[in-house]
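Peer 1: There's a structure below that I have some questions on.
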Amino acid sequence: MNTIMKKIQQYGTSTVFLLLVLFAVAGTSWIRARRFEKIKYLEHLDERAVTIDNTEYQFRDLAFYLAYQEQSAWEQAKAYDLEHPKKYWNLRGDNGAYIRSAARDIAMDMMIHDVIFYEMAVEDNVTLTQEEITYMENQKSDFWSDLEEEGRIRLGVSEDEITQTFEMMALAQKEQQLFADKMGVDFREYNINGDSYQELLSEHTYEINEKLWERINFGNITLD
């Protein structure tokens with residue numbers, strides 16, 4: 001009788017242990033699924049996307065860069081396979097990253113680059129000439145008009161906000177040219193993939209809100 005009871009107890013203990021393991025695995029799987037679950041961009045516009053040199057920037061500050069990269073990648077996707085352009089998004093690039101993820105991260109790199117050079121322009125009291133302002137305004141108008149109405153709604157920011165971004169980019173670009181001339185190197189050395197820029201970047205700090213950034217549904221922000 002005692003032997004039977006011991007076996008029952010052992011069986012019960014094993015069952016409880018097995019259930020605990022199953023619950024732990026299920027819990028881990030749920031956490032992993034939540035971690036990679038895509039989020040709705042419009043619901044996080046006013047949340048922190050990145051901190052650059054102790055200044056926080058929201059997802060709305062990235063709106064242009066995300067839209068620009070989506071539109072650029074979409075054009076490349078159509079060139080790759082006009083009838084099935086979605087295939088392009090899940091290809092792997094030379095570095096092994098998916099096109100979708102790589103294009104999204106370039107958007108962030110572009111913004112960090114422009115913020116750094118814009119702040120340098122402010123420190124150096126750089127201003128735009130009337131000709132440069134006109135060119136910038138034309139570029140902005142072209143971008144805004146190229147976005148379909150649905151795309152503008154999905155982007156979630158006003159035309160004035162886009163204008164502010166273009167003004168920042170114009171000053172950043174001018175500062176980049178001035179700084180490159182000062183350092184005696186080609187302008188392109190200070191593009192996001194340039195060695196000189198990487199050295200400059202190491203002198204600054206930035207922290208991306210990875211928990212949200214990796215879950216942004218890139219490719220479905222301005223596009224359907």
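In the structure tokens, chains take the letters A, B, ... in the order shown, each chain's residues start at 1, and ligands count up from 1 in the order shown.
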Run DSSP on the backbone and grab whatever in stretch 39-185 of chain A lands in alpha helix (DSSP H); send it over as a PyMOL selection string.
Peer 2: chain A and resi 63-80+86-89+99-123+130-146+149-155+159-183
Peer 1: Using the selection just defined, write its residues with C-alpha atoms as a JSON list (two decimals), in the first residue's frame.
Peer 2:
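result_23.json was written with the following content:
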```json
[["chain", "number", "residue", "atom", "x", "y", "z"],
["A", 63, "ALA", "CA", 7.96, 61.10, -39.88],
["A", 64, "PHE", "CA", 9.69, 62.43, -42.99],
["A", 65, "TYR", "CA", 12.58, 59.97, -42.76],
["A", 66, "LEU", "CA", 10.25, 56.99, -42.37],
["A", 67, "ALA", "CA", 8.07, 58.13, -45.26],
["A", 68, "TYR", "CA", 11.08, 58.85, -47.47],
["A", 69, "GLN", "CA", 12.62, 55.44, -46.84],
["A", 70, "GLU", "CA", 9.31, 53.67, -47.39],
["A", 71, "GLN", "CA", 8.73, 55.43, -50.69],
["A", 72, "SER", "CA", 12.32, 54.78, -51.83],
["A", 73, "ALA", "CA", 12.16, 51.10, -50.89],
["A", 74, "TRP", "CA", 8.77, 50.78, -52.60],
["A", 75, "GLU", "CA", 10.18, 52.11, -55.87],
["A", 76, "GLN", "CA", 13.02, 49.59, -55.62],
["A", 77, "ALA", "CA", 10.51, 46.85, -54.83],
["A", 78, "LYS", "CA", 8.52, 47.62, -57.98],
["A", 79, "ALA", "CA", 11.71, 47.57, -60.02],
["A", 80, "TYR", "CA", 12.58, 44.18, -58.50],
["A", 86, "LYS", "CA", 6.12, 42.73, -51.54],
["A", 87, "LYS", "CA", 8.72, 40.00, -52.10],
["A", 88, "TYR", "CA", 11.43, 42.66, -52.03],
["A", 89, "TRP", "CA", 10.79, 43.64, -48.42],
["A", 99, "ILE", "CA", 15.55, 44.92, -46.60],
["A", 100, "ARG", "CA", 12.60, 46.01, -44.45],
["A", 101, "SER", "CA", 14.73, 46.31, -41.29],
["A", 102, "ALA", "CA", 17.70, 47.84, -43.09],
["A", 103, "ALA", "CA", 15.56, 50.55, -44.73],
["A", 104, "ARG", "CA", 13.91, 51.34, -41.40],
["A", 105, "ASP", "CA", 17.27, 51.69, -39.66],
["A", 106, "ILE", "CA", 18.61, 53.96, -42.40],
["A", 107, "ALA", "CA", 15.72, 56.31, -41.60],
["A", 108, "MET", "CA", 16.95, 56.52, -38.01],
["A", 109, "ASP", "CA", 20.58, 56.95, -39.13],
["A", 110, "MET", "CA", 19.56, 59.81, -41.42],
["A", 111, "MET", "CA", 17.79, 61.63, -38.63],
["A", 112, "ILE", "CA", 20.65, 61.25, -36.16],
["A", 113, "HIS", "CA", 23.04, 62.52, -38.83],
["A", 114, "ASP", "CA", 20.90, 65.58, -39.57],
["A", 115, "VAL", "CA", 20.32, 66.44, -35.93],
["A", 116, "ILE", "CA", 24.06, 66.39, -35.23],
["A", 117, "PHE", "CA", 24.89, 68.64, -38.18],
["A", 118, "TYR", "CA", 21.91, 70.89, -37.51],
["A", 119, "GLU", "CA", 23.09, 71.52, -33.95],
["A", 120, "MET", "CA", 26.57, 72.26, -35.30],
["A", 121, "ALA", "CA", 24.99, 74.72, -37.77],
["A", 122, "VAL", "CA", 23.17, 76.49, -34.94],
["A", 123, "GLU", "CA", 26.42, 76.77, -32.96],
["A", 130, "GLN", "CA", 17.10, 83.07, -50.16],
["A", 131, "GLU", "CA", 18.08, 80.80, -53.04],
["A", 132, "GLU", "CA", 18.65, 77.92, -50.62],
["A", 133, "ILE", "CA", 15.32, 78.57, -48.92],
["A", 134, "THR", "CA", 13.51, 78.53, -52.26],
["A", 135, "TYR", "CA", 15.20, 75.26, -53.22],
["A", 136, "MET", "CA", 14.32, 73.73, -49.85],
["A", 137, "GLU", "CA", 10.69, 74.81, -50.16],
["A", 138, "ASN", "CA", 10.45, 73.31, -53.65],
["A", 139, "GLN", "CA", 11.89, 70.03, -52.38],
["A", 140, "LYS", "CA", 9.38, 69.95, -49.56],
["A", 141, "SER", "CA", 6.48, 70.72, -51.88],
["A", 142, "ASP", "CA", 7.54, 67.91, -54.22],
["A", 143, "PHE", "CA", 7.71, 65.43, -51.35],
["A", 144, "TRP", "CA", 4.36, 66.49, -49.89],
["A", 145, "SER", "CA", 2.55, 66.45, -53.22],
["A", 146, "ASP", "CA", 3.98, 63.01, -54.08],
["A", 149, "GLU", "CA", -3.83, 61.92, -49.29],
["A", 150, "GLU", "CA", -4.12, 58.56, -47.55],
["A", 151, "GLY", "CA", -0.35, 58.54, -47.04],
["A", 152, "ARG", "CA", -0.44, 61.98, -45.42],
["A", 153, "ILE", "CA", -3.16, 60.84, -43.05],
["A", 154, "ARG", "CA", -1.24, 57.69, -42.17],
["A", 155, "LEU", "CA", 1.93, 59.73, -41.55],
["A", 159, "GLU", "CA", 2.73, 70.00, -43.54],
["A", 160, "ASP", "CA", 4.21, 72.60, -41.18],
["A", 161, "GLU", "CA", 6.03, 69.86, -39.28],
["A", 162, "ILE", "CA", 7.42, 68.49, -42.53],
["A", 163, "THR", "CA", 8.56, 72.02, -43.43],
["A", 164, "GLN", "CA", 10.44, 72.25, -40.12],
["A", 165, "THR", "CA", 12.18, 68.96, -40.89],
["A", 166, "PHE", "CA", 13.21, 70.21, -44.33],
["A", 167, "GLU", "CA", 14.59, 73.40, -42.80],
["A", 168, "MET", "CA", 16.64, 71.34, -40.38],
["A", 169, "MET", "CA", 17.90, 69.13, -43.20],
["A", 170, "ALA", "CA", 18.85, 72.11, -45.35],
["A", 171, "LEU", "CA", 20.91, 73.65, -42.54],
["A", 172, "ALA", "CA", 22.44, 70.26, -41.72],
["A", 173, "GLN", "CA", 23.46, 69.76, -45.34],
["A", 174, "LYS", "CA", 25.01, 73.22, -45.55],
["A", 175, "GLU", "CA", 26.90, 72.65, -42.30],
["A", 176, "GLN", "CA", 28.11, 69.29, -43.60],
["A", 177, "GLN", "CA", 29.60, 70.98, -46.66],
["A", 178, "LEU", "CA", 31.21, 73.75, -44.60],
["A", 179, "PHE", "CA", 32.61, 71.27, -42.08],
["A", 180, "ALA", "CA", 33.95, 68.97, -44.81],
["A", 181, "ASP", "CA", 35.69, 71.95, -46.44],
["A", 182, "LYS", "CA", 37.13, 72.93, -43.07],
["A", 183, "MET", "CA", 38.45, 69.39, -42.51]]
```
Peer 1: Can you list, as a PyMOL selection string, every protein, DNA or RNA residue that comes within 7 Å of A:Tyr206 when you count only C-alpha atoms, leaving out same-chain residues fewer than 5 positions away?
Peer 2: chain A and resi 50-53
Peer 1: Any chance you can output those residues with C-alpha atoms as a PDB file, in the first residue's frame?
Peer 2:
```
ATOM      1  CA  VAL A  50      15.603  58.379 -29.770  1.00  0.00           C
ATOM      2  CA  THR A  51      17.679  60.525 -27.443  1.00  0.00           C
ATOM      3  CA  ILE A  52      20.531  62.402 -29.142  1.00  0.00           C
ATOM      4  CA  ASP A  53      23.021  64.239 -26.953  1.00  0.00           C
TER       5      ASP A  53
END
```
Peer 1: Between atom CA of A:Ile221 and atom CA of A:Asp61, what distance in Å does the model show, to one decimal?
Peer 2: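 One can read the atom CA of A:Ile221 to atom CA of A:Asp61 distance as 14.3 Å.
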Peer 1: Contacts of A:Lys38 at 6 Å or less, counting only C-alpha atoms, minus same-chain residues fewer than 3 places along, as a list in words?
Peer 2: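 That gives Arg215, Ile216 and Asn217 of chain A.
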Peer 1: With all heavy atoms retained, write the just-selected residues as a CSV table (one decimal), in the first residue's frame.
Peer 2:
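What landed in out30.csv:
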```csv
chain,number,residue,atom,x,y,z
A,215,ARG,N,9.6,47.4,-33.3
A,215,ARG,CA,8.2,46.9,-33.5
A,215,ARG,C,7.4,47.8,-34.4
A,215,ARG,O,6.2,47.5,-34.7
A,215,ARG,CB,7.5,46.7,-32.2
A,215,ARG,CG,8.1,45.6,-31.3
A,215,ARG,CD,7.5,45.7,-29.9
A,215,ARG,NE,6.1,45.5,-29.9
A,215,ARG,CZ,5.3,45.9,-28.9
A,215,ARG,NH1,5.8,46.4,-27.8
A,215,ARG,NH2,4.0,45.6,-28.9
A,216,ILE,N,8.0,48.9,-34.9
A,216,ILE,CA,7.3,49.8,-35.8
A,216,ILE,C,7.0,49.0,-37.1
A,216,ILE,O,7.9,48.3,-37.7
A,216,ILE,CB,8.2,51.0,-36.2
A,216,ILE,CG1,8.2,52.0,-35.0
A,216,ILE,CG2,7.7,51.7,-37.4
A,216,ILE,CD1,6.8,52.7,-34.7
A,217,ASN,N,5.8,49.1,-37.6
A,217,ASN,CA,5.4,48.4,-38.8
A,217,ASN,C,5.9,49.1,-40.0
A,217,ASN,O,5.1,49.5,-40.9
A,217,ASN,CB,3.9,48.2,-38.8
A,217,ASN,CG,3.4,47.0,-39.7
A,217,ASN,OD1,4.3,46.3,-40.2
A,217,ASN,ND2,2.2,46.9,-39.9
```
Peer 1: Work out how far apart atom CA of A:Arg60 and atom CA of A:Asn209 are and give it in Å to one decimal.
Peer 2: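 Atom CA of A:Arg60 sits 13.7 Å away from atom CA of A:Asn209.
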